[in-house]
file structure33.pdb (PDB, C-alpha atoms and all ligand atoms)
ATOM      1  CA  MET S 239      52.178 173.653 109.430  1.00  0.00           C
ATOM      2  CA  ARG S 240      48.520 174.391 108.953  1.00  0.00           C
ATOM      3  CA  SER S 241      48.438 178.135 108.954  1.00  0.00           C
ATOM      4  CA  VAL S 242      46.637 178.412 105.629  1.00  0.00           C
ATOM      5  CA  GLN S 243      42.979 179.172 106.027  1.00  0.00           C
ATOM      6  CA  LYS S 244      40.962 176.187 104.895  1.00  0.00           C
ATOM      7  CA  LYS S 245      37.291 175.601 104.434  1.00  0.00           C
ATOM      8  CA  ALA S 246      35.913 172.260 105.477  1.00  0.00           C
ATOM      9  CA  LEU S 247      34.050 170.443 102.766  1.00  0.00           C
ATOM     10  CA  PRO S 248      30.336 170.931 103.456  1.00  0.00           C
ATOM     11  CA  THR S 249      28.310 167.975 104.633  1.00  0.00           C
ATOM     12  CA  GLY S 250      24.622 167.248 105.066  1.00  0.00           C
ATOM     13  CA  LEU S 251      22.334 170.030 103.910  1.00  0.00           C
ATOM     14  CA  SER S 252      25.257 172.157 102.890  1.00  0.00           C
ATOM     15  CA  LEU S 253      26.113 169.603 100.231  1.00  0.00           C
ATOM     16  CA  LEU S 254      23.405 171.402  98.300  1.00  0.00           C
ATOM     17  CA  ALA S 255      25.552 174.488  98.482  1.00  0.00           C
ATOM     18  CA  LEU S 256      28.462 172.446  97.196  1.00  0.00           C
ATOM     19  CA  LEU S 257      26.371 171.270  94.272  1.00  0.00           C
ATOM     20  CA  ALA S 258      25.447 174.875  93.561  1.00  0.00           C
ATOM     21  CA  CYS S 259      29.141 175.635  93.249  1.00  0.00           C
ATOM     22  CA  LEU S 260      29.339 173.198  90.355  1.00  0.00           C
ATOM     23  CA  LEU S 261      26.804 175.150  88.365  1.00  0.00           C
ATOM     24  CA  PRO S 262      27.846 178.120  86.238  1.00  0.00           C
ATOM     25  CA  ALA S 263      27.233 181.615  87.588  1.00  0.00           C
ATOM     26  CA  ALA S 264      26.570 180.267  91.054  1.00  0.00           C
ATOM     27  CA  GLY S 265      28.537 183.013  92.716  1.00  0.00           C
ATOM     28  CA  CYS S 266      31.613 180.908  93.435  1.00  0.00           C
ATOM     29  CA  ALA S 267      35.153 182.077  92.839  1.00  0.00           C
ATOM     30  CA  THR S 268      36.142 182.087  89.198  1.00  0.00           C
ATOM     31  CA  SER S 269      38.920 179.559  89.774  1.00  0.00           C
ATOM     32  CA  ARG S 270      37.409 176.133  90.109  1.00  0.00           C
ATOM     33  CA  PRO S 271      37.843 174.735  93.609  1.00  0.00           C
ATOM     34  CA  VAL S 272      39.576 171.455  94.168  1.00  0.00           C
ATOM     35  CA  VAL S 273      39.454 169.112  97.111  1.00  0.00           C
ATOM     36  CA  TYR S 274      42.704 168.638  98.932  1.00  0.00           C
ATOM     37  CA  VAL S 275      43.396 166.089 101.610  1.00  0.00           C
ATOM     38  CA  VAL S 276      45.372 167.146 104.654  1.00  0.00           C
ATOM     39  CA  PRO S 277      46.138 165.308 107.908  1.00  0.00           C
ATOM     40  CA  SER S 278      43.015 164.552 109.877  1.00  0.00           C
ATOM     41  CA  ALA S 279      41.689 166.761 112.604  1.00  0.00           C
ATOM     42  CA  ALA S 280      39.922 165.132 115.528  1.00  0.00           C
ATOM     43  CA  ASP S 281      36.611 166.682 114.478  1.00  0.00           C
ATOM     44  CA  ALA S 282      36.794 165.776 110.797  1.00  0.00           C
ATOM     45  CA  PRO S 283      33.211 165.817 109.456  1.00  0.00           C
ATOM     46  CA  MET S 284      33.883 163.309 106.712  1.00  0.00           C
ATOM     47  CA  PRO S 285      37.072 161.399 107.433  1.00  0.00           C
ATOM     48  CA  HIS S 286      39.125 160.217 104.532  1.00  0.00           C
ATOM     49  CA  PRO S 287      41.574 157.334 105.116  1.00  0.00           C
ATOM     50  CA  HIS S 288      44.446 159.772 104.678  1.00  0.00           C
ATOM     51  CA  GLY S 289      43.033 162.909 106.233  1.00  0.00           C
ATOM     52  CA  ASP S 290      40.455 165.655 106.001  1.00  0.00           C
ATOM     53  CA  MET S 291      38.993 166.989 102.813  1.00  0.00           C
ATOM     54  CA  VAL S 292      39.154 170.704 102.385  1.00  0.00           C
ATOM     55  CA  LEU S 293      37.806 172.832  99.575  1.00  0.00           C
ATOM     56  CA  LEU S 294      40.399 175.184  98.117  1.00  0.00           C
ATOM     57  CA  ASN S 295      40.631 177.568  95.217  1.00  0.00           C
ATOM     58  CA  ASP S 296      43.784 177.786  93.130  1.00  0.00           C
ATOM     59  CA  GLU S 297      45.464 180.415  95.262  1.00  0.00           C
ATOM     60  CA  GLU S 298      44.791 178.554  98.490  1.00  0.00           C
ATOM     61  CA  LEU S 299      46.069 175.343  96.928  1.00  0.00           C
ATOM     62  CA  ARG S 300      49.321 177.033  95.906  1.00  0.00           C
ATOM     63  CA  GLU S 301      49.792 178.371  99.416  1.00  0.00           C
ATOM     64  CA  LEU S 302      49.057 175.038 101.051  1.00  0.00           C
ATOM     65  CA  ARG S 303      51.477 173.237  98.772  1.00  0.00           C
ATOM     66  CA  LYS S 304      54.274 175.467 100.048  1.00  0.00           C
ATOM     67  CA  ILE S 305      53.968 174.009 103.517  1.00  0.00           C
ATOM     68  CA  GLU S 306      52.525 170.528 103.026  1.00  0.00           C
ATOM     69  CA  PRO S 307      53.326 167.859 100.458  1.00  0.00           C
ATOM     70  CA  PRO S 308      50.384 167.106  98.185  1.00  0.00           C
ATOM     71  CA  ARG S 309      48.575 164.048  99.393  1.00  0.00           C
ATOM     72  CA  MET S 310      45.648 164.024  97.072  1.00  0.00           C
ATOM     73  CA  VAL S 311      43.868 166.530  94.886  1.00  0.00           C
ATOM     74  CA  TRP S 312      40.392 165.849  93.610  1.00  0.00           C
ATOM     75  CA  ASP S 313      38.260 167.567  91.083  1.00  0.00           C
ATOM     76  CA  ILE S 314      35.215 168.776  92.978  1.00  0.00           C
ATOM     77  CA  ALA S 315      32.724 167.119  90.626  1.00  0.00           C
ATOM     78  CA  GLU S 316      34.505 163.796  90.976  1.00  0.00           C
ATOM     79  CA  THR S 317      34.470 164.141  94.749  1.00  0.00           C
ATOM     80  CA  TRP S 318      30.752 164.763  94.689  1.00  0.00           C
ATOM     81  CA  ARG S 319      30.248 161.655  92.593  1.00  0.00           C
ATOM     82  CA  VAL S 320      32.342 159.485  94.908  1.00  0.00           C
ATOM     83  CA  ILE S 321      30.570 160.647  98.029  1.00  0.00           C
ATOM     84  CA  LEU S 322      27.143 160.125  96.497  1.00  0.00           C
ATOM     85  CA  ALA S 323      28.141 156.649  95.379  1.00  0.00           C
ATOM     86  CA  ASP S 324      28.669 155.547  98.950  1.00  0.00           C
ATOM     87  CA  ASP S 325      25.542 154.682 100.925  1.00  0.00           C
ATOM     88  CA  ASP S 326      26.591 156.600 103.993  1.00  0.00           C
ATOM     89  CA  GLY S 327      27.553 159.716 102.083  1.00  0.00           C
ATOM     90  CA  ARG S 328      31.131 159.197 103.183  1.00  0.00           C
ATOM     91  CA  TRP S 329      34.312 158.258 101.465  1.00  0.00           C
ATOM     92  CA  PRO S 330      34.240 154.571 100.588  1.00  0.00           C
ATOM     93  CA  GLN S 331      36.701 152.673 102.715  1.00  0.00           C
ATOM     94  CA  PHE S 332      39.394 150.842 100.843  1.00  0.00           C
ATOM     95  CA  LYS S 333      41.024 147.721 102.128  1.00  0.00           C
ATOM     96  CA  PRO S 334      44.640 146.895 101.334  1.00  0.00           C
ATOM     97  CA  VAL S 335      44.748 144.542  98.388  1.00  0.00           C
ATOM     98  CA  ASP S 336      45.508 140.910  99.246  1.00  0.00           C
ATOM     99  CA  THR S 337      48.147 139.399  96.973  1.00  0.00           C
ATOM    100  CA  SER S 338      49.162 136.623  99.359  1.00  0.00           C
ATOM    101  CA  ALA S 339      48.093 133.917  96.901  1.00  0.00           C
ATOM    102  CA  TYR S 340      50.553 135.195  94.310  1.00  0.00           C
ATOM    103  CA  ARG S 341      54.106 136.239  93.711  1.00  0.00           C
ATOM    104  CA  ASP S 342      55.339 138.928  91.355  1.00  0.00           C
ATOM    105  CA  SER S 343      56.891 137.160  88.361  1.00  0.00           C
ATOM    106  CA  THR S 344      58.957 140.252  87.518  1.00  0.00           C
ATOM    107  CA  ASP S 345      60.867 140.092  90.798  1.00  0.00           C
ATOM    108  CA  GLY S 346      64.384 138.691  90.762  1.00  0.00           C
ATOM    109  CA  VAL S 347      64.631 138.343  86.992  1.00  0.00           C
ATOM    110  CA  LYS S 348      66.534 140.517  84.565  1.00  0.00           C
ATOM    111  CA  GLY S 349      63.624 141.276  82.323  1.00  0.00           C
ATOM    112  CA  THR S 350      63.596 143.767  79.491  1.00  0.00           C
ATOM    113  CA  ILE S 351      61.289 146.720  79.913  1.00  0.00           C
ATOM    114  CA  ALA S 352      60.156 148.895  77.023  1.00  0.00           C
ATOM    115  CA  ALA S 353      57.572 151.640  76.857  1.00  0.00           C
ATOM    116  CA  SER S 354      55.811 154.124  74.627  1.00  0.00           C
ATOM    117  CA  GLY S 355      58.177 156.832  75.816  1.00  0.00           C
ATOM    118  CA  GLU S 356      60.876 157.614  78.345  1.00  0.00           C
ATOM    119  CA  GLY S 357      58.930 159.849  80.706  1.00  0.00           C
ATOM    120  CA  VAL S 358      59.899 163.081  82.393  1.00  0.00           C
ATOM    121  CA  PRO S 359      63.360 163.310  83.983  1.00  0.00           C
ATOM    122  CA  GLY S 360      63.526 161.289  87.171  1.00  0.00           C
ATOM    123  CA  GLU S 361      60.161 159.648  86.488  1.00  0.00           C
ATOM    124  CA  THR S 362      61.008 157.260  83.689  1.00  0.00           C
ATOM    125  CA  TYR S 363      59.329 154.021  82.657  1.00  0.00           C
ATOM    126  CA  PRO S 364      61.501 151.557  84.642  1.00  0.00           C
ATOM    127  CA  ASN S 365      59.875 153.074  87.735  1.00  0.00           C
ATOM    128  CA  ALA S 366      56.729 151.104  86.866  1.00  0.00           C
ATOM    129  CA  PHE S 367      58.591 147.896  87.776  1.00  0.00           C
ATOM    130  CA  ASP S 368      60.951 149.074  90.523  1.00  0.00           C
ATOM    131  CA  ASN S 369      58.924 147.820  93.521  1.00  0.00           C
ATOM    132  CA  THR S 370      58.724 151.319  94.970  1.00  0.00           C
ATOM    133  CA  LEU S 371      56.139 154.074  94.799  1.00  0.00           C
ATOM    134  CA  ALA S 372      58.364 155.988  92.392  1.00  0.00           C
ATOM    135  CA  LYS S 373      56.285 156.582  89.280  1.00  0.00           C
ATOM    136  CA  TRP S 374      56.516 156.646  85.524  1.00  0.00           C
ATOM    137  CA  CYS S 375      55.148 159.990  84.364  1.00  0.00           C
ATOM    138  CA  ILE S 376      54.935 160.889  80.687  1.00  0.00           C
ATOM    139  CA  LYS S 377      53.323 163.766  78.834  1.00  0.00           C
ATOM    140  CA  THR S 378      50.996 161.716  76.656  1.00  0.00           C
ATOM    141  CA  PRO S 379      47.348 160.771  77.265  1.00  0.00           C
ATOM    142  CA  THR S 380      47.842 157.152  76.164  1.00  0.00           C
ATOM    143  CA  ILE S 381      50.735 154.875  77.040  1.00  0.00           C
ATOM    144  CA  TRP S 382      52.016 151.352  76.770  1.00  0.00           C
ATOM    145  CA  ILE S 383      54.670 149.469  78.689  1.00  0.00           C
ATOM    146  CA  ARG S 384      55.912 145.927  78.285  1.00  0.00           C
ATOM    147  CA  PHE S 385      57.946 143.430  80.250  1.00  0.00           C
ATOM    148  CA  GLN S 386      59.838 140.562  78.642  1.00  0.00           C
ATOM    149  CA  TYR S 387      61.214 137.665  80.673  1.00  0.00           C
ATOM    150  CA  PRO S 388      64.841 136.733  79.924  1.00  0.00           C
ATOM    151  CA  ASP S 389      65.956 133.677  77.967  1.00  0.00           C
ATOM    152  CA  GLY S 390      62.584 133.117  76.354  1.00  0.00           C
ATOM    153  CA  VAL S 391      61.003 132.146  79.663  1.00  0.00           C
ATOM    154  CA  LYS S 392      57.215 132.074  79.567  1.00  0.00           C
ATOM    155  CA  ARG S 393      54.986 132.861  82.502  1.00  0.00           C
ATOM    156  CA  ARG S 394      51.304 132.224  82.986  1.00  0.00           C
ATOM    157  CA  VAL S 395      50.206 135.463  84.605  1.00  0.00           C
ATOM    158  CA  THR S 396      46.843 134.973  86.299  1.00  0.00           C
ATOM    159  CA  ALA S 397      46.504 138.383  87.971  1.00  0.00           C
ATOM    160  CA  TYR S 398      48.196 141.747  88.026  1.00  0.00           C
ATOM    161  CA  THR S 399      48.240 144.825  90.168  1.00  0.00           C
ATOM    162  CA  ILE S 400      48.394 148.457  89.214  1.00  0.00           C
ATOM    163  CA  THR S 401      49.277 151.119  91.761  1.00  0.00           C
ATOM    164  CA  THR S 402      48.402 154.743  91.185  1.00  0.00           C
ATOM    165  CA  ALA S 403      50.950 157.507  91.563  1.00  0.00           C
ATOM    166  CA  ASN S 404      51.197 160.245  94.166  1.00  0.00           C
ATOM    167  CA  ASP S 405      49.066 162.980  92.630  1.00  0.00           C
ATOM    168  CA  VAL S 406      46.670 164.110  89.841  1.00  0.00           C
ATOM    169  CA  PRO S 407      43.991 161.399  89.523  1.00  0.00           C
ATOM    170  CA  GLY S 408      43.285 162.515  85.944  1.00  0.00           C
ATOM    171  CA  ARG S 409      46.565 160.901  84.898  1.00  0.00           C
ATOM    172  CA  ASP S 410      45.495 157.458  86.119  1.00  0.00           C
ATOM    173  CA  PRO S 411      44.724 154.677  83.629  1.00  0.00           C
ATOM    174  CA  ARG S 412      41.030 154.269  82.885  1.00  0.00           C
ATOM    175  CA  ASP S 413      40.792 151.934  79.861  1.00  0.00           C
ATOM    176  CA  TRP S 414      43.453 149.344  79.124  1.00  0.00           C
ATOM    177  CA  LYS S 415      44.301 145.928  77.803  1.00  0.00           C
ATOM    178  CA  LEU S 416      46.881 143.489  79.102  1.00  0.00           C
ATOM    179  CA  LEU S 417      48.373 141.677  76.146  1.00  0.00           C
ATOM    180  CA  GLY S 418      50.630 138.638  75.900  1.00  0.00           C
ATOM    181  CA  SER S 419      53.036 137.633  73.144  1.00  0.00           C
ATOM    182  CA  ASN S 420      55.806 135.188  72.353  1.00  0.00           C
ATOM    183  CA  ASP S 421      57.350 137.053  69.458  1.00  0.00           C
ATOM    184  CA  GLY S 422      56.601 140.710  70.216  1.00  0.00           C
ATOM    185  CA  GLU S 423      54.453 140.918  67.089  1.00  0.00           C
ATOM    186  CA  ALA S 424      51.345 138.808  67.562  1.00  0.00           C
ATOM    187  CA  TRP S 425      49.525 139.813  70.722  1.00  0.00           C
ATOM    188  CA  ALA S 426      46.764 137.990  72.558  1.00  0.00           C
ATOM    189  CA  VAL S 427      44.405 139.933  74.768  1.00  0.00           C
ATOM    190  CA  VAL S 428      44.567 138.407  78.220  1.00  0.00           C
ATOM    191  CA  ASP S 429      42.545 141.050  80.030  1.00  0.00           C
ATOM    192  CA  THR S 430      40.492 144.139  79.186  1.00  0.00           C
ATOM    193  CA  ARG S 431      39.275 146.877  81.503  1.00  0.00           C
ATOM    194  CA  SER S 432      37.328 150.024  80.805  1.00  0.00           C
ATOM    195  CA  GLY S 433      35.985 152.893  82.864  1.00  0.00           C
ATOM    196  CA  GLU S 434      38.103 151.936  85.858  1.00  0.00           C
ATOM    197  CA  LYS S 435      37.973 154.403  88.742  1.00  0.00           C
ATOM    198  CA  TRP S 436      40.636 155.057  91.312  1.00  0.00           C
ATOM    199  CA  PHE S 437      39.826 156.541  94.648  1.00  0.00           C
ATOM    200  CA  ASP S 438      43.167 157.079  96.220  1.00  0.00           C
ATOM    201  CA  ARG S 439      46.764 157.987  95.614  1.00  0.00           C
ATOM    202  CA  HIS S 440      49.152 155.045  95.830  1.00  0.00           C
ATOM    203  CA  GLU S 441      46.054 152.849  95.595  1.00  0.00           C
ATOM    204  CA  LYS S 442      46.994 149.304  94.665  1.00  0.00           C
ATOM    205  CA  ARG S 443      44.352 147.200  92.964  1.00  0.00           C
ATOM    206  CA  LEU S 444      44.354 143.546  91.959  1.00  0.00           C
ATOM    207  CA  PHE S 445      42.926 142.460  88.604  1.00  0.00           C
ATOM    208  CA  LYS S 446      42.413 138.814  87.802  1.00  0.00           C
ATOM    209  CA  VAL S 447      43.308 137.902  84.250  1.00  0.00           C
ATOM    210  CA  ALA S 448      40.367 136.839  82.099  1.00  0.00           C
ATOM    211  CA  SER S 449      42.307 134.673  79.623  1.00  0.00           C
ATOM    212  CA  PRO S 450      45.639 133.497  81.041  1.00  0.00           C
ATOM    213  CA  GLY S 451      48.243 132.021  78.721  1.00  0.00           C
ATOM    214  CA  ASP S 452      51.937 131.220  78.653  1.00  0.00           C
ATOM    215  CA  TYR S 453      53.730 134.281  77.339  1.00  0.00           C
ATOM    216  CA  ASN S 454      57.251 135.625  77.184  1.00  0.00           C
ATOM    217  CA  VAL S 455      56.185 139.259  76.912  1.00  0.00           C
ATOM    218  CA  TYR S 456      53.340 141.155  78.554  1.00  0.00           C
ATOM    219  CA  LYS S 457      52.223 144.600  77.519  1.00  0.00           C
ATOM    220  CA  LEU S 458      49.914 146.961  79.335  1.00  0.00           C
ATOM    221  CA  ASP S 459      48.266 149.129  76.697  1.00  0.00           C
ATOM    222  CA  VAL S 460      46.456 152.089  78.252  1.00  0.00           C
ATOM    223  CA  THR S 461      44.095 153.537  75.661  1.00  0.00           C
ATOM    224  CA  LYS S 462      42.489 156.147  77.875  1.00  0.00           C
ATOM    225  CA  ASN S 463      43.406 157.913  81.079  1.00  0.00           C
ATOM    226  CA  GLY S 464      41.416 160.046  83.490  1.00  0.00           C
ATOM    227  CA  GLY S 465      41.346 163.021  81.159  1.00  0.00           C
ATOM    228  CA  GLU S 466      44.755 164.674  81.511  1.00  0.00           C
ATOM    229  CA  ASP S 467      47.327 165.203  78.763  1.00  0.00           C
ATOM    230  CA  THR S 468      49.864 163.455  80.982  1.00  0.00           C
ATOM    231  CA  SER S 469      49.749 159.856  82.209  1.00  0.00           C
ATOM    232  CA  GLN S 470      51.371 158.155  85.171  1.00  0.00           C
ATOM    233  CA  LEU S 471      51.671 154.810  86.926  1.00  0.00           C
ATOM    234  CA  GLY S 472      53.179 154.025  90.302  1.00  0.00           C
ATOM    235  CA  GLU S 473      53.785 150.320  89.851  1.00  0.00           C
ATOM    236  CA  ILE S 474      52.748 147.206  87.936  1.00  0.00           C
ATOM    237  CA  GLU S 475      53.060 143.618  89.154  1.00  0.00           C
ATOM    238  CA  LEU S 476      52.577 140.583  86.927  1.00  0.00           C
ATOM    239  CA  LEU S 477      51.403 137.892  89.303  1.00  0.00           C
ATOM    240  CA  VAL S 478      51.612 134.120  89.164  1.00  0.00           C
ATOM    241  CA  PRO S 479      50.205 131.704  91.707  1.00  0.00           C
ATOM    242  CA  LEU S 480      52.467 130.719  94.591  1.00  0.00           C
ATOM    243  CA  GLU S 481      54.020 127.347  93.890  1.00  0.00           C
TER
HETATM  244 CA    CA S 501      57.338 152.176  91.035  1.00  0.00          CA
END
call {"tool": "encode", "arguments": {"input": "structure33.pdb", "output": "structure tokens"}}
result
Amino acid sequence: MRSVQKKALPTGLSLLALLACLLPAAGCATSRPVVYVVPSAADAPMPHPHGDMVLLNDEELRELRKIEPPRMVWDIAETWRVILADDDGRWPQFKPVDTSAYRDSTDGVKGTIAASGEGVPGETYPNAFDNTLAKWCIKTPTIWIRFQYPDGVKRRVTAYTITTANDVPGRDPRDWKLLGSNDGEAWAVVDTRSGEKWFDRHEKRLFKVASPGDYNVYKLDVTKNGGEDTSQLGEIELLVPLE
């Protein structure tokens, strides 16, 4: 399974060498290395919740992907930033999000879902509300998706979750608004986020709504992603307090 030669991500003093690799003409391979997460070894120098980080060039990444499913691929500069941001120089530890005070108002109702586009075959927009890790993936840098409750029902959504997809962090939402409407034409901004960072694949985060209201339709309008030409979402939940 792990026959591909891998280089452990440098730690400690050798992080300086890693930084040097980010600079032009530093003697590194011409293809820009990426960080790939594989199952943990017992002696992992910098454990990630899902495995070890290894530094790979494009060719090594292609080879590794033949034998292991991609778990997570990071741009090396982003990895450097994340590690530096943590006091211990390690991956920040992420706790599972607690949604026990809420229920998903889209569950068990025959809502109408619409989106800015269909998505690639097999990864279409209904996947954003299917309660599985299946994703909506679409070849546009900005996206929107909306959910309308049936029969004119209005819900007061007080929080929502977004779950990232399985790969390519640059496709994750970064700036967005959650909007509410009762006619599909006039939209109220119920929540705004910008510069949001995601640190994991299939990472589920909870966002509390800034300005809750009673609305029949909610729309997530993603105005900027992580820099890719393609966008993707694993799942969205529109949460209401448990009754
Ligand atoms: Ca899904």
call {"tool": "residues_near_ligand", "arguments": {"input": "structure33.pdb", "ligand": "ligand CA 501 (chain S)", "cutoff": "12 Å", "atoms": "all atoms listed in the file", "output": "count of residues only"}}
result
30
call {"tool": "resolve_selection", "arguments": {"input": "structure33.pdb", "expression": "the PyMOL selection byres (((chain S and resi 466) around 6) and not hetatm)", "output": "PyMOL selection string"}}
result
chain S and resi 408-409+465+467-468
call {"tool": "closest_residue", "arguments": {"input": "structure33.pdb", "among": "S:Glu434, S:Glu423, S:Glu441, S:Glu481", "to": "Lys462 in chain S", "atoms": "only C-alpha atoms"}}
result
S:Glu434
call {"tool": "atom_distance", "arguments": {"input": "structure33.pdb", "atom1": "CA of Tyr340 in chain S", "atom2": "CA of Leu480 in chain S"}}
result
4.9 Å
call {"tool": "atom_distance", "arguments": {"input": "structure33.pdb", "atom1": "CA of Gly355 in chain S", "atom2": "CA of Gln386 in chain S"}}
result
16.6 Å
call {"tool": "resolve_selection", "arguments": {"input": "structure33.pdb", "expression": "the PyMOL selection byres (((chain S and resi 352) around 6) and not hetatm)", "output": "ChimeraX atom specification"}}
result
/S:351,353,383-384
call {"tool": "atom_distance", "arguments": {"input": "structure33.pdb", "atom1": "CA of Asn420 in chain S", "atom2": "CA of Val395 in chain S"}}
result
13.5 Å
call {"tool": "closest_residue", "arguments": {"input": "structure33.pdb", "among": "S:Val455, S:Leu444, S:Val427, S:Leu477", "to": "Val391 in chain S", "atoms": "all atoms listed in the file"}}
result
S:Val455
call {"tool": "resolve_selection", "arguments": {"input": "structure33.pdb", "expression": "the PyMOL selection byres (((chain S and resi 344) around 9) and not hetatm)", "output": "MDAnalysis selection string"}}
result
chainID S and resid 341:343 345:349 367 385:387 475:477
call {"tool": "closest_residue", "arguments": {"input": "structure33.pdb", "among": "S:Arg443, S:Thr461, S:Ile376, S:Val428", "to": "Asp336 in chain S", "atoms": "all atoms listed in the file"}}
result
S:Arg443
call {"tool": "build_atoms", "arguments": {"input": "structure33.pdb", "residues": "range 392-413 of chain S", "atoms": "N, CA and C atoms", "output": "PDB file, in the coordinates of the input"}}
result
ATOM      1  N   LYS S 392      58.626 131.712  79.646  1.00  0.00           N
ATOM      2  CA  LYS S 392      57.215 132.074  79.567  1.00  0.00           C
ATOM      3  C   LYS S 392      56.588 131.965  80.947  1.00  0.00           C
ATOM      4  N   ARG S 393      55.710 132.891  81.229  1.00  0.00           N
ATOM      5  CA  ARG S 393      54.986 132.861  82.502  1.00  0.00           C
ATOM      6  C   ARG S 393      53.486 132.944  82.234  1.00  0.00           C
ATOM      7  N   ARG S 394      52.768 132.200  83.071  1.00  0.00           N
ATOM      8  CA  ARG S 394      51.304 132.224  82.986  1.00  0.00           C
ATOM      9  C   ARG S 394      50.774 133.183  84.053  1.00  0.00           C
ATOM     10  N   VAL S 395      50.659 134.424  83.682  1.00  0.00           N
ATOM     11  CA  VAL S 395      50.206 135.463  84.605  1.00  0.00           C
ATOM     12  C   VAL S 395      48.698 135.330  84.793  1.00  0.00           C
ATOM     13  N   THR S 396      48.276 135.155  86.048  1.00  0.00           N
ATOM     14  CA  THR S 396      46.843 134.973  86.299  1.00  0.00           C
ATOM     15  C   THR S 396      46.201 136.186  86.962  1.00  0.00           C
ATOM     16  N   ALA S 397      47.024 137.141  87.381  1.00  0.00           N
ATOM     17  CA  ALA S 397      46.504 138.383  87.971  1.00  0.00           C
ATOM     18  C   ALA S 397      47.595 139.439  87.864  1.00  0.00           C
ATOM     19  N   TYR S 398      47.208 140.669  88.030  1.00  0.00           N
ATOM     20  CA  TYR S 398      48.196 141.747  88.026  1.00  0.00           C
ATOM     21  C   TYR S 398      47.697 142.857  88.934  1.00  0.00           C
ATOM     22  N   THR S 399      48.634 143.651  89.386  1.00  0.00           N
ATOM     23  CA  THR S 399      48.240 144.825  90.168  1.00  0.00           C
ATOM     24  C   THR S 399      48.727 146.071  89.450  1.00  0.00           C
ATOM     25  N   ILE S 400      47.977 147.120  89.634  1.00  0.00           N
ATOM     26  CA  ILE S 400      48.394 148.457  89.214  1.00  0.00           C
ATOM     27  C   ILE S 400      48.268 149.345  90.438  1.00  0.00           C
ATOM     28  N   THR S 401      49.282 150.172  90.645  1.00  0.00           N
ATOM     29  CA  THR S 401      49.277 151.119  91.761  1.00  0.00           C
ATOM     30  C   THR S 401      49.321 152.529  91.200  1.00  0.00           C
ATOM     31  N   THR S 402      48.416 153.373  91.669  1.00  0.00           N
ATOM     32  CA  THR S 402      48.402 154.743  91.185  1.00  0.00           C
ATOM     33  C   THR S 402      49.591 155.522  91.739  1.00  0.00           C
ATOM     34  N   ALA S 403      49.826 156.668  91.157  1.00  0.00           N
ATOM     35  CA  ALA S 403      50.950 157.507  91.563  1.00  0.00           C
ATOM     36  C   ALA S 403      50.544 158.430  92.706  1.00  0.00           C
ATOM     37  N   ASN S 404      51.375 159.420  92.960  1.00  0.00           N
ATOM     38  CA  ASN S 404      51.197 160.245  94.166  1.00  0.00           C
ATOM     39  C   ASN S 404      50.208 161.397  94.016  1.00  0.00           C
ATOM     40  N   ASP S 405      49.883 161.775  92.788  1.00  0.00           N
ATOM     41  CA  ASP S 405      49.066 162.980  92.630  1.00  0.00           C
ATOM     42  C   ASP S 405      48.179 162.882  91.373  1.00  0.00           C
ATOM     43  N   VAL S 406      47.457 163.901  91.053  1.00  0.00           N
ATOM     44  CA  VAL S 406      46.670 164.110  89.841  1.00  0.00           C
ATOM     45  C   VAL S 406      45.920 162.859  89.360  1.00  0.00           C
ATOM     46  N   PRO S 407      44.756 162.580  89.937  1.00  0.00           N
ATOM     47  CA  PRO S 407      43.991 161.399  89.523  1.00  0.00           C
ATOM     48  C   PRO S 407      43.661 161.348  88.033  1.00  0.00           C
ATOM     49  N   GLY S 408      43.599 162.502  87.376  1.00  0.00           N
ATOM     50  CA  GLY S 408      43.285 162.515  85.944  1.00  0.00           C
ATOM     51  C   GLY S 408      44.342 161.871  85.078  1.00  0.00           C
ATOM     52  N   ARG S 409      45.505 161.580  85.657  1.00  0.00           N
ATOM     53  CA  ARG S 409      46.565 160.901  84.898  1.00  0.00           C
ATOM     54  C   ARG S 409      46.490 159.378  85.054  1.00  0.00           C
ATOM     55  N   ASP S 410      45.589 158.897  85.867  1.00  0.00           N
ATOM     56  CA  ASP S 410      45.495 157.458  86.119  1.00  0.00           C
ATOM     57  C   ASP S 410      44.946 156.724  84.900  1.00  0.00           C
ATOM     58  N   PRO S 411      45.306 155.462  84.734  1.00  0.00           N
ATOM     59  CA  PRO S 411      44.724 154.677  83.629  1.00  0.00           C
ATOM     60  C   PRO S 411      43.235 154.448  83.853  1.00  0.00           C
ATOM     61  N   ARG S 412      42.473 154.519  82.786  1.00  0.00           N
ATOM     62  CA  ARG S 412      41.030 154.269  82.885  1.00  0.00           C
ATOM     63  C   ARG S 412      40.627 153.077  82.017  1.00  0.00           C
ATOM     64  N   ASP S 413      41.054 153.066  80.755  1.00  0.00           N
ATOM     65  CA  ASP S 413      40.792 151.934  79.861  1.00  0.00           C
ATOM     66  C   ASP S 413      42.133 151.310  79.477  1.00  0.00           C
TER      67      ASP S 413
END
